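Shown next: start22.txt, given as compact mmCIF, C-alpha atoms.
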```txt
# COMPACT_ATOMS: atom_id res chain seq x y z
CA MET A 1389 0.00 0.00 0.00
CA SER A 1390 3.08 2.27 0.06
CA GLN A 1391 2.17 3.63 -3.39
CA HIS A 1392 -0.88 5.25 -1.79
CA LEU A 1393 1.17 7.32 0.62
CA GLU A 1394 1.93 10.93 -0.18
CA VAL A 1395 5.26 11.93 -1.70
CA GLY A 1396 8.02 11.72 0.88
CA GLU A 1397 5.99 9.72 3.38
CA ARG A 1398 7.14 6.40 4.80
CA ILE A 1399 5.93 3.86 7.33
CA VAL A 1400 7.94 4.38 10.53
CA GLU A 1401 6.07 2.08 12.93
CA THR A 1402 3.51 -0.72 12.83
CA GLU A 1403 1.41 -2.00 15.72
CA MET A 1404 -0.88 -5.02 15.75
CA LEU A 1405 -4.39 -4.17 16.95
CA HIS A 1406 -6.36 -6.71 18.96
CA GLY A 1407 -10.05 -7.56 18.98
CA GLY A 1408 -10.73 -8.72 15.42
CA ILE A 1409 -11.86 -12.26 14.64
CA THR A 1410 -11.78 -12.54 10.85
CA ALA A 1411 -9.02 -10.11 9.85
CA GLN A 1412 -5.62 -8.90 10.99
CA MET A 1413 -5.52 -5.20 11.87
CA ARG A 1414 -2.38 -3.06 11.94
CA ARG A 1415 -1.95 0.53 12.98
CA LEU A 1416 0.58 2.24 10.70
CA THR A 1417 2.39 5.36 11.81
CA ILE A 1418 3.35 7.36 8.73
CA GLY A 1419 6.32 9.71 8.87
CA ARG A 1420 5.90 12.90 6.86
CA PRO A 1421 8.63 15.03 5.25
CA ASP A 1422 7.97 17.89 7.70
CA GLY A 1423 8.72 15.63 10.68
CA ASN A 1424 5.10 15.15 11.71
CA THR A 1425 3.23 11.85 11.55
CA ARG A 1426 -0.22 10.60 10.68
CA VAL A 1427 -1.87 7.25 11.40
CA LEU A 1428 -3.58 4.78 9.05
CA VAL A 1429 -5.09 1.35 9.66
CA LEU A 1430 -4.49 -1.68 7.44
CA ARG A 1431 -6.99 -4.56 7.46
CA SER A 1432 -5.67 -7.79 5.94
CA PHE A 1433 -7.27 -11.19 5.55
CA VAL A 1434 -4.50 -13.66 6.27
CA ASP A 1435 -6.37 -16.70 7.58
CA PRO A 1436 -7.01 -19.14 4.69
CA PHE A 1437 -10.46 -19.83 6.18
CA TYR A 1438 -11.52 -16.23 5.53
CA VAL A 1439 -9.49 -15.36 2.43
CA GLY A 1440 -12.18 -16.85 0.20
CA HIS A 1441 -14.62 -14.21 1.48
CA ALA A 1442 -12.11 -11.35 1.44
CA GLU A 1443 -12.91 -9.93 -2.00
CA ASP A 1444 -16.60 -9.58 -1.20
CA TRP A 1445 -16.04 -8.21 2.29
CA LEU A 1446 -13.41 -5.68 1.25
CA ASN A 1447 -15.47 -4.42 -1.67
CA ARG A 1448 -18.44 -4.01 0.65
CA GLU A 1449 -16.36 -2.10 3.16
CA ALA A 1450 -14.84 0.13 0.48
CA ASP A 1451 -18.30 0.95 -0.87
CA ALA A 1452 -19.65 1.62 2.62
CA LEU A 1453 -16.78 3.91 3.60
CA SER A 1454 -17.16 5.86 0.37
CA LEU A 1455 -20.90 6.22 1.01
CA LEU A 1456 -20.49 7.30 4.63
CA THR A 1457 -18.24 10.25 3.77
CA GLN A 1458 -21.47 11.97 2.66
CA THR A 1459 -23.20 11.37 6.02
CA SER A 1460 -22.80 12.27 9.68
CA VAL A 1461 -21.92 8.68 10.60
CA PRO A 1462 -18.34 8.72 12.01
CA ALA A 1463 -16.54 6.10 9.94
CA PRO A 1464 -12.96 5.74 8.68
CA GLY A 1465 -12.04 7.27 5.36
CA LEU A 1466 -11.08 4.93 2.53
CA VAL A 1467 -7.47 5.32 1.35
CA ALA A 1468 -7.05 2.24 -0.87
CA VAL A 1469 -8.32 -1.30 -1.30
CA ASP A 1470 -6.73 -4.40 -2.83
CA PRO A 1471 -9.45 -7.06 -2.55
CA THR A 1472 -7.68 -9.68 -4.67
CA ALA A 1473 -4.13 -9.21 -3.30
CA THR A 1474 -2.92 -7.95 -6.66
CA HIS A 1475 -0.38 -5.63 -5.03
CA CYS A 1476 -0.33 -6.81 -1.41
CA GLU A 1477 0.64 -10.13 0.12
CA PHE A 1478 -2.93 -10.55 1.37
CA PRO A 1479 -6.32 -9.04 0.44
CA SER A 1480 -6.26 -5.69 2.25
CA LEU A 1481 -7.89 -2.32 2.82
CA LEU A 1482 -6.15 0.85 3.95
CA MET A 1483 -8.17 3.44 5.85
CA THR A 1484 -7.77 6.48 8.05
CA HIS A 1485 -7.41 6.02 11.79
CA LEU A 1486 -10.14 7.22 14.13
CA ALA A 1487 -9.49 8.50 17.62
CA GLY A 1488 -11.04 6.68 20.54
CA ARG A 1489 -11.22 3.20 21.98
CA THR A 1490 -13.69 0.42 22.49
CA ILE A 1491 -15.27 0.13 25.94
CA ILE A 1492 -16.63 -3.25 26.98
CA HIS A 1493 -16.52 -3.15 30.78
CA ASP A 1494 -19.73 -3.03 32.82
CA GLU A 1495 -19.31 0.43 34.31
CA GLY A 1496 -21.38 3.05 32.49
CA VAL A 1497 -23.20 0.54 30.29
CA GLU A 1498 -26.56 2.33 30.55
CA ALA A 1499 -25.14 5.49 28.98
CA ARG A 1500 -23.45 3.48 26.21
CA VAL A 1501 -26.65 1.57 25.43
CA LEU A 1502 -28.36 4.89 24.73
CA LEU A 1503 -25.46 6.19 22.63
CA LEU A 1504 -25.24 3.02 20.54
CA ALA A 1505 -29.00 3.05 20.01
CA ARG A 1506 -28.93 6.62 18.69
CA GLN A 1507 -25.96 5.82 16.48
CA LEU A 1508 -27.67 2.78 14.98
CA VAL A 1509 -30.78 4.81 14.23
CA ALA A 1510 -28.54 7.25 12.32
CA ILE A 1511 -26.95 4.40 10.37
CA HIS A 1512 -30.36 3.03 9.40
CA ALA A 1513 -31.33 6.49 8.18
CA VAL A 1514 -28.58 6.42 5.51
CA ARG A 1515 -30.07 6.18 2.02
CA PRO A 1516 -27.50 4.88 -0.47
CA THR A 1517 -27.93 5.86 -4.10
CA LYS A 1518 -27.05 2.30 -5.07
CA ARG A 1519 -28.64 -0.31 -2.85
CA PRO A 1520 -26.09 -2.73 -1.29
CA ARG A 1521 -26.57 -6.45 -1.69
CA LYS A 1522 -29.18 -8.19 0.43
CA TYR A 1523 -28.22 -9.46 3.89
CA SER A 1524 -27.29 -13.10 4.36
CA THR A 1525 -27.60 -15.43 7.33
CA LEU A 1526 -25.33 -18.45 7.26
CA SER A 1527 -26.78 -20.09 10.36
CA THR A 1528 -29.81 -22.39 10.20
CA ALA A 1529 -32.07 -24.18 12.62
CA ASP A 1530 -29.91 -27.26 12.13
CA THR A 1531 -26.59 -25.55 12.89
CA ALA A 1532 -27.61 -23.92 16.19
CA VAL A 1533 -25.53 -25.19 19.12
CA THR A 1534 -27.54 -25.68 22.31
CA PRO A 1535 -25.23 -24.99 25.28
CA LYS A 1536 -24.59 -27.72 27.82
CA GLY A 1537 -27.20 -27.61 30.58
CA ALA A 1538 -29.40 -25.14 28.67
CA ASP A 1539 -33.17 -24.92 28.97
CA ALA A 1540 -33.99 -27.60 26.42
CA GLY A 1541 -37.61 -26.49 26.02
CA ALA A 1542 -36.72 -22.86 25.39
CA TRP A 1543 -34.04 -23.77 22.86
CA ALA A 1544 -36.32 -26.18 21.03
CA ALA A 1545 -38.93 -23.41 20.82
CA ALA A 1546 -36.31 -20.92 19.62
CA ILE A 1547 -35.08 -23.29 16.92
CA ASP A 1548 -38.66 -23.81 15.77
CA VAL A 1549 -39.04 -20.03 15.41
CA ILE A 1550 -36.33 -19.81 12.73
CA ARG A 1551 -37.61 -22.84 10.84
CA LYS A 1552 -40.34 -20.52 9.60
CA PRO A 1553 -39.83 -18.23 6.60
CA ALA A 1554 -38.28 -14.85 7.32
CA PRO A 1555 -40.89 -12.11 7.87
CA ARG A 1556 -41.39 -9.41 5.28
CA TYR A 1557 -39.58 -6.22 6.13
CA GLU A 1558 -38.87 -2.64 5.05
CA GLY A 1559 -35.24 -2.54 3.95
CA ARG A 1560 -32.60 -0.37 5.56
CA PHE A 1561 -28.86 0.18 5.17
CA LEU A 1562 -27.29 -2.18 7.72
CA HIS A 1563 -23.88 -2.31 9.36
CA ARG A 1564 -24.45 -6.02 10.02
CA ASP A 1565 -21.94 -6.27 12.88
CA PHE A 1566 -22.94 -3.28 14.96
CA GLN A 1567 -21.95 -4.02 18.56
CA PRO A 1568 -19.81 -2.51 21.34
CA GLY A 1569 -16.59 -3.96 19.95
CA ASN A 1570 -17.01 -2.01 16.72
CA VAL A 1571 -17.79 1.37 18.29
CA LEU A 1572 -15.09 3.79 19.46
CA PHE A 1573 -15.49 6.23 22.34
CA ASP A 1574 -13.44 9.16 23.52
CA GLU A 1575 -12.20 9.48 27.07
CA PRO A 1576 -14.99 10.57 29.44
CA GLY A 1577 -15.03 14.31 30.02
CA SER A 1578 -17.28 16.76 31.79
CA ALA A 1579 -19.98 16.18 29.17
CA GLY A 1580 -19.69 12.40 29.46
CA VAL A 1581 -18.51 9.76 27.00
CA ARG A 1582 -19.27 10.17 23.29
CA ILE A 1583 -18.92 8.05 20.17
CA THR A 1584 -15.97 8.95 17.94
CA GLY A 1585 -16.27 6.22 15.33
CA VAL A 1586 -17.94 3.09 14.00
CA VAL A 1587 -15.61 0.57 12.37
CA ASP A 1588 -15.68 -2.79 10.54
CA TRP A 1589 -18.08 -2.22 7.64
CA ALA A 1590 -17.20 -5.43 5.81
CA GLY A 1591 -20.71 -6.81 6.26
CA ALA A 1592 -22.60 -3.68 5.14
CA CYS A 1593 -25.78 -4.72 3.34
CA TRP A 1594 -29.51 -4.13 2.88
CA GLY A 1595 -32.05 -5.73 5.17
CA PRO A 1596 -34.34 -5.34 8.20
CA ALA A 1597 -33.40 -2.91 10.96
CA ASP A 1598 -34.44 -5.69 13.35
CA LEU A 1599 -31.44 -7.76 12.28
CA ASP A 1600 -28.88 -5.08 13.21
CA VAL A 1601 -30.70 -4.42 16.47
CA ALA A 1602 -30.90 -8.12 17.30
CA HIS A 1603 -27.15 -8.53 16.76
CA CYS A 1604 -26.33 -5.68 19.12
CA CYS A 1605 -28.82 -7.07 21.65
CA THR A 1606 -27.09 -10.46 21.65
CA ASN A 1607 -23.69 -8.84 22.16
CA PHE A 1608 -24.96 -6.73 25.06
CA ALA A 1609 -26.51 -9.84 26.60
CA LEU A 1610 -23.21 -11.70 26.41
CA LEU A 1611 -21.04 -8.79 27.53
CA HIS A 1612 -23.17 -7.44 30.36
CA GLY A 1613 -25.97 -9.93 31.04
CA PRO A 1614 -29.30 -10.90 29.42
CA ALA A 1615 -31.23 -7.89 30.75
CA TRP A 1616 -29.01 -5.55 28.72
CA GLY A 1617 -29.86 -7.40 25.53
CA LEU A 1618 -33.52 -6.74 26.16
CA ARG A 1619 -32.77 -3.13 27.13
CA PHE A 1620 -31.10 -2.30 23.81
CA THR A 1621 -34.29 -2.97 21.84
CA GLN A 1622 -36.13 -0.52 24.07
CA ALA A 1623 -33.36 2.07 23.73
CA TYR A 1624 -33.42 1.80 19.93
CA GLU A 1625 -37.12 2.61 19.86
CA GLU A 1626 -36.66 5.43 22.38
CA ALA A 1627 -34.09 6.89 19.98
CA GLY A 1628 -36.65 6.91 17.17
CA GLY A 1629 -35.85 3.59 15.54
CA VAL A 1630 -38.66 1.60 13.98
CA LEU A 1631 -38.82 -2.19 14.33
CA ALA A 1632 -41.25 -4.80 13.03
CA ALA A 1633 -44.78 -4.14 14.21
CA ALA A 1634 -45.63 -7.72 15.16
CA ALA A 1635 -44.03 -9.29 18.24
CA SER A 1636 -43.62 -12.58 16.37
CA GLU A 1637 -41.62 -10.84 13.65
CA ARG A 1638 -39.33 -9.17 16.18
CA LEU A 1639 -38.84 -12.49 17.92
CA TYR A 1640 -37.77 -14.12 14.65
CA TRP A 1641 -34.84 -11.73 14.16
CA GLN A 1642 -33.87 -11.72 17.85
CA VAL A 1643 -33.78 -15.50 17.99
CA ARG A 1644 -32.06 -15.84 14.63
CA ASP A 1645 -29.12 -13.73 15.75
CA ALA A 1646 -28.88 -15.36 19.17
CA LEU A 1647 -28.78 -18.81 17.61
CA ALA A 1648 -26.19 -17.65 15.07
CA CYS A 1649 -23.99 -16.52 17.97
CA SER A 1650 -24.41 -19.96 19.58
CA GLU A 1651 -22.09 -21.26 16.87
CA GLU A 1652 -19.38 -18.68 17.63
CA VAL A 1653 -19.30 -18.38 21.42
CA GLN A 1654 -15.68 -19.46 21.77
CA ALA A 1655 -14.55 -17.16 18.96
CA MET A 1656 -16.39 -14.24 20.56
CA ALA A 1657 -14.97 -14.89 24.03
CA GLN A 1658 -11.30 -14.79 23.05
CA PRO A 1659 -10.97 -11.17 21.83
CA TRP A 1660 -13.07 -9.93 24.75
CA ARG A 1661 -10.75 -11.66 27.21
CA GLU A 1662 -7.73 -10.23 25.37
CA ALA A 1663 -9.31 -6.79 25.79
CA GLY A 1664 -9.43 -7.24 29.57
CA ARG A 1665 -12.72 -9.02 30.22
CA THR A 1666 -11.07 -12.12 31.68
CA ASP A 1667 -14.35 -13.01 33.37
CA LEU A 1668 -15.93 -13.78 29.99
CA THR A 1669 -15.04 -17.42 29.64
CA THR A 1670 -16.72 -19.54 27.00
CA ARG A 1671 -18.82 -21.15 29.72
CA THR A 1672 -19.94 -17.78 31.07
CA LEU A 1673 -21.05 -16.71 27.60
CA GLU A 1674 -22.91 -19.99 27.09
CA GLU A 1675 -24.79 -19.46 30.34
CA ARG A 1676 -25.66 -15.87 29.44
CA LEU A 1677 -26.77 -16.88 25.97
CA ASP A 1678 -28.99 -19.59 27.44
CA ALA A 1679 -30.55 -17.09 29.85
CA TYR A 1680 -31.08 -14.58 27.03
CA VAL A 1681 -32.70 -17.09 24.65
CA THR A 1682 -34.90 -18.34 27.49
CA ALA A 1683 -35.95 -14.76 28.31
CA LEU A 1684 -36.82 -14.08 24.66
CA ILE A 1685 -39.00 -17.18 24.49
CA ASN A 1686 -40.65 -16.62 27.86
CA THR A 1687 -41.48 -12.96 27.18
CA SER A 1688 -42.85 -13.76 23.74
CA GLY A 1689 -45.64 -15.89 25.18
```

Would you mind writing the file's structure down as structure tokens?
Amino acid sequence: MSQHLEVGERIVETEMLHGGITAQMRRLTIGRPDGNTRVLVLRSFVDPFYVGHAEDWLNREADALSLLTQTSVPAPGLVAVDPTATHCEFPSLLMTHLAGRTIIHDEGVEARVLLLARQLVAIHAVRPTKRPRKYSTLSTADTAVTPKGADAGAWAAAIDVIRKPAPRYEGRFLHRDFQPGNVLFDEPGSAGVRITGVVDWAGACWGPADLDVAHCCTNFALLHGPAWGLRFTQAYEEAGGVLAAAASERLYWQVRDALACSEEVQAMAQPWREAGRTDLTTRTLEERLDAYVTALINTSG
């Protein structure tokens, strides 16, 4: 990606960033001729398991970042993309660096729930000139993984929910992986914490707002406890977001995302522990997911 630097610039330092599951992230410090520096971020797909998806994901992210420059959504700026590794060793995307950090500890979660809800409403308000491709869900009723010791009745009912056809919906621009790990915050000041950026747009697509909301709900339930998953739905509506009118339709998307996460609990736990949440063992997440799925089923009746 050096050909996309300005004349006289050079990479003076690289730092591996933690937290990603599918891609390798590096922070690049760029030395400038005047002695100052600027920072870029390089996303590369190096794992053979994910390389086959890299071209699609990187093109989606490049399109999304280009689109978002015309909006108020705080996203990185696109510098360059090489989705087929024509010039780079691996399929990669180079973008600007955003200030801030992810916050995934329990303290202050209520304020962050409200901020994330407002931010997601703003994302869903984006109207792309060219509609992105339709959302996809790789999980099925047959691939859901019921945790050991889970409420068998609740999980059987949840699995039955997603055996039905997907409800009709009004399409929206989706992030598709909107959750606390992909939102950056500044350091708390006198006015409180604020969002400085939303990252990881590789899954950007077109689909139901409920799906984005459901994904964030599941992540809040796993990070902070099942009640916070339920709280995020309420916060999204309080912020002006519109979800499916029928409770059964909402339940479909909520359950679909929760069951999709049942297949990735171990993969989700690792980066959270690396980020300091050592209490979030795979078993802890399984127990929280079981409690969340059970709550969804019990409150739907």

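When the distance limit is 9 Å and all atoms listed in the file are what count, the residues near Ile1583 in chain A, minus those fewer than 3 positions from it on the same chain, are Pro1462, Gly1488, Arg1500, Leu1503, Leu1504, Gln1507, Val1571, Leu1572, Phe1573, Asp1574 and Val1586 of chain A.
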
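Restricting the calculation to all atoms listed in the file, the smallest distance between Arg1519 in chain A and any of A:Trp1543, A:Trp1594, A:Phe1608, A:Tyr1438 is found for A:Trp1594.
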
- Query: Quick one: residues within 12 Å of Asn1686 in chain A, all atoms listed in the file counted, chain neighbours fewer than 3 positions away excluded, as a ChimeraX atom specification?
  - Reply: /A:1539,1541-1543,1545-1546,1639,1679-1683,1689

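Distances to Leu1562 in chain A were evaluated for A:Glu1637, A:Asp1588, A:Asp1422, A:Asp1667 using all atoms listed in the file, and the minimum falls at A:Asp1588.
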
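When all atoms listed in the file are used to compute distances to Val1653 in chain A, the closest of the residues A:Ala1590, A:Ala1634, A:Val1533, A:Leu1481 turns out to be A:Val1533.
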
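Nearest residue to Ala1663 in chain A, choosing from A:Ala1615, A:Val1601, A:Ile1492, A:Ile1399 and counting all atoms listed in the file: A:Ile1492.
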
- Query: At what distance in Å, to one decimal, does CA of Ala1544 in chain A lie from CA of Thr1531 in chain A?
  - Reply: 12.7 Å

- Message: When you look at Glu1498 in chain A with a cut-off of 10 Å (counting only C-alpha atoms), what residues show up, excluding the ones that are within fewer than 6 positions of it in the same chain? I need them as number ranges by chain.
- Response: A: 1616, 1619-1620, 1623

- Task: Go ahead and compute the interatomic distance for CA of Gly1580 in chain A and CA of Ala1499 in chain A, in Å to one decimal.
- Result: 8.8 Å

Shell of 10 Å around range 1443-1460 of chain A, only C-alpha atoms, local chain residues under 5 positions omitted, as a PDB file with C-alpha atoms, keeping the file's coordinate frame:
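Saved to part_26.pdb:
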```
ATOM      1  CA  ARG A1431      -6.990  -4.560   7.460  1.00  0.00           C
ATOM      2  CA  SER A1432      -5.670  -7.790   5.940  1.00  0.00           C
ATOM      3  CA  PHE A1433      -7.270 -11.190   5.550  1.00  0.00           C
ATOM      4  CA  TYR A1438     -11.520 -16.230   5.530  1.00  0.00           C
ATOM      5  CA  GLY A1465     -12.040   7.270   5.360  1.00  0.00           C
ATOM      6  CA  LEU A1466     -11.080   4.930   2.530  1.00  0.00           C
ATOM      7  CA  VAL A1467      -7.470   5.320   1.350  1.00  0.00           C
ATOM      8  CA  ALA A1468      -7.050   2.240  -0.870  1.00  0.00           C
ATOM      9  CA  VAL A1469      -8.320  -1.300  -1.300  1.00  0.00           C
ATOM     10  CA  ASP A1470      -6.730  -4.400  -2.830  1.00  0.00           C
ATOM     11  CA  PRO A1471      -9.450  -7.060  -2.550  1.00  0.00           C
ATOM     12  CA  THR A1472      -7.680  -9.680  -4.670  1.00  0.00           C
ATOM     13  CA  ALA A1473      -4.130  -9.210  -3.300  1.00  0.00           C
ATOM     14  CA  PRO A1479      -6.320  -9.040   0.440  1.00  0.00           C
ATOM     15  CA  SER A1480      -6.260  -5.690   2.250  1.00  0.00           C
ATOM     16  CA  LEU A1481      -7.890  -2.320   2.820  1.00  0.00           C
ATOM     17  CA  LEU A1482      -6.150   0.850   3.950  1.00  0.00           C
ATOM     18  CA  MET A1483      -8.170   3.440   5.850  1.00  0.00           C
ATOM     19  CA  GLN A1507     -25.960   5.820  16.480  1.00  0.00           C
ATOM     20  CA  ALA A1510     -28.540   7.250  12.320  1.00  0.00           C
ATOM     21  CA  ILE A1511     -26.950   4.400  10.370  1.00  0.00           C
ATOM     22  CA  ALA A1513     -31.330   6.490   8.180  1.00  0.00           C
ATOM     23  CA  VAL A1514     -28.580   6.420   5.510  1.00  0.00           C
ATOM     24  CA  ARG A1515     -30.070   6.180   2.020  1.00  0.00           C
ATOM     25  CA  PRO A1516     -27.500   4.880  -0.470  1.00  0.00           C
ATOM     26  CA  THR A1517     -27.930   5.860  -4.100  1.00  0.00           C
ATOM     27  CA  LYS A1518     -27.050   2.300  -5.070  1.00  0.00           C
ATOM     28  CA  PRO A1520     -26.090  -2.730  -1.290  1.00  0.00           C
ATOM     29  CA  ARG A1521     -26.570  -6.450  -1.690  1.00  0.00           C
ATOM     30  CA  PHE A1561     -28.860   0.180   5.170  1.00  0.00           C
ATOM     31  CA  LEU A1562     -27.290  -2.180   7.720  1.00  0.00           C
ATOM     32  CA  HIS A1563     -23.880  -2.310   9.360  1.00  0.00           C
ATOM     33  CA  VAL A1587     -15.610   0.570  12.370  1.00  0.00           C
ATOM     34  CA  ASP A1588     -15.680  -2.790  10.540  1.00  0.00           C
ATOM     35  CA  TRP A1589     -18.080  -2.220   7.640  1.00  0.00           C
ATOM     36  CA  ALA A1590     -17.200  -5.430   5.810  1.00  0.00           C
ATOM     37  CA  GLY A1591     -20.710  -6.810   6.260  1.00  0.00           C
ATOM     38  CA  ALA A1592     -22.600  -3.680   5.140  1.00  0.00           C
ATOM     39  CA  CYS A1593     -25.780  -4.720   3.340  1.00  0.00           C
TER      40      CYS A1593
END
```

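For the set A:Ser1527, A:Asn1570, A:Leu1430, A:Arg1420, the residue with the smallest atom-to-atom gap to Met1404 in chain A is A:Leu1430, counting only C-alpha atoms.
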
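Counting all atoms listed in the file, Asp1600 in chain A has the following residues at most 7 Å away, ignoring those fewer than 2 positions along the same chain: Leu1562, His1563, Arg1564, Phe1566, Ala1597, Asp1598, Ala1602, His1603 and Cys1604 of chain A.
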
Residue subset to file, keeping C-alpha atoms, as a PDB file, in the coordinates of the input:
```pdb
ATOM      1  CA  LEU A1562     -27.290  -2.180   7.720  1.00  0.00           C
ATOM      2  CA  HIS A1563     -23.880  -2.310   9.360  1.00  0.00           C
ATOM      3  CA  ARG A1564     -24.450  -6.020  10.020  1.00  0.00           C
ATOM      4  CA  PHE A1566     -22.940  -3.280  14.960  1.00  0.00           C
ATOM      5  CA  ALA A1597     -33.400  -2.910  10.960  1.00  0.00           C
ATOM      6  CA  ASP A1598     -34.440  -5.690  13.350  1.00  0.00           C
ATOM      7  CA  ALA A1602     -30.900  -8.120  17.300  1.00  0.00           C
ATOM      8  CA  HIS A1603     -27.150  -8.530  16.760  1.00  0.00           C
ATOM      9  CA  CYS A1604     -26.330  -5.680  19.120  1.00  0.00           C
TER      10      CYS A1604
END
```

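Between CA of Leu1684 in chain A and CA of Leu1618 in chain A there is a distance of 8.2 Å.
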
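When all atoms listed in the file are used to compute distances to Val1549 in chain A, the closest of the residues A:Ala1646, A:Val1427, A:Leu1610, A:Leu1405 turns out to be A:Ala1646.
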
- In the coordinates of the file, take the point (-35.2, -23.6, 15.8) and a cut-off of 9 Å; then, counting only C-alpha atoms, name each qualifying protein, DNA or RNA residue as a PyMOL selection string. chain A and resi 1528-1530+1532+1543-1552+1643-1644+1647

Take every atom of range 1405-1411 of chain A listed in the file, fit an axis-aligned box around them, add 3 Å per side, and give the centre and edge lengths in Å to one decimal as JSON.
```
{"center_x": -8.1, "center_y": -8.4, "center_z": 14.4, "size_x": 13.5, "size_y": 14.4, "size_z": 15.1}
```

- Message: Counting all atoms listed in the file, I want the residues whose atoms come within 10 Å of (-14.1, -11.1, 25.7) in the file frame, returned as a ChimeraX atom specification.
- Response: /A:1407,1492-1493,1569,1610-1611,1653-1670,1673

Since the input lacks atoms, please generate N, CA, C and O atoms for range 1521-1533 of chain A and provide them as a short mmCIF file (atom, residue, chain, number, x, y, z; two decimals), keeping the file's coordinate frame.
```
data_model
loop_
_atom_site.label_atom_id
_atom_site.label_comp_id
_atom_site.auth_asym_id
_atom_site.auth_seq_id
_atom_site.Cartn_x
_atom_site.Cartn_y
_atom_site.Cartn_z
N ARG A 1521 -25.99 -5.13 -1.54
CA ARG A 1521 -26.57 -6.45 -1.69
C ARG A 1521 -27.39 -6.83 -0.46
O ARG A 1521 -27.17 -6.31 0.64
N LYS A 1522 -28.31 -7.75 -0.64
CA LYS A 1522 -29.18 -8.19 0.43
C LYS A 1522 -28.38 -8.91 1.52
O LYS A 1522 -27.38 -9.56 1.25
N TYR A 1523 -28.85 -8.78 2.76
CA TYR A 1523 -28.22 -9.46 3.89
C TYR A 1523 -28.20 -10.97 3.68
O TYR A 1523 -28.99 -11.51 2.89
N SER A 1524 -27.31 -11.64 4.37
CA SER A 1524 -27.29 -13.10 4.36
C SER A 1524 -27.20 -13.61 5.79
O SER A 1524 -26.67 -12.92 6.67
N THR A 1525 -27.72 -14.78 6.03
CA THR A 1525 -27.60 -15.43 7.33
C THR A 1525 -27.12 -16.85 7.07
O THR A 1525 -27.81 -17.65 6.43
N LEU A 1526 -25.93 -17.15 7.53
CA LEU A 1526 -25.33 -18.45 7.26
C LEU A 1526 -25.83 -19.52 8.21
O LEU A 1526 -25.79 -20.71 7.91
N SER A 1527 -26.31 -19.12 9.38
CA SER A 1527 -26.78 -20.09 10.36
C SER A 1527 -28.16 -20.60 9.98
O SER A 1527 -28.93 -19.94 9.27
N THR A 1528 -28.49 -21.78 10.44
CA THR A 1528 -29.81 -22.39 10.20
C THR A 1528 -30.29 -23.03 11.49
O THR A 1528 -29.56 -23.14 12.48
N ALA A 1529 -31.52 -23.48 11.47
CA ALA A 1529 -32.07 -24.18 12.62
C ALA A 1529 -31.26 -25.43 12.94
O ALA A 1529 -31.16 -25.85 14.10
N ASP A 1530 -30.66 -26.02 11.93
CA ASP A 1530 -29.91 -27.26 12.13
C ASP A 1530 -28.48 -27.04 12.60
O ASP A 1530 -27.82 -27.97 13.05
N THR A 1531 -27.98 -25.81 12.48
CA THR A 1531 -26.59 -25.55 12.89
C THR A 1531 -26.50 -24.90 14.26
O THR A 1531 -25.39 -24.73 14.79
N ALA A 1532 -27.63 -24.52 14.86
CA ALA A 1532 -27.61 -23.92 16.19
C ALA A 1532 -27.00 -24.89 17.19
O ALA A 1532 -27.24 -26.10 17.13
N VAL A 1533 -26.22 -24.36 18.12
CA VAL A 1533 -25.53 -25.19 19.12
C VAL A 1533 -26.14 -24.91 20.49
O VAL A 1533 -25.92 -23.85 21.07
#
```
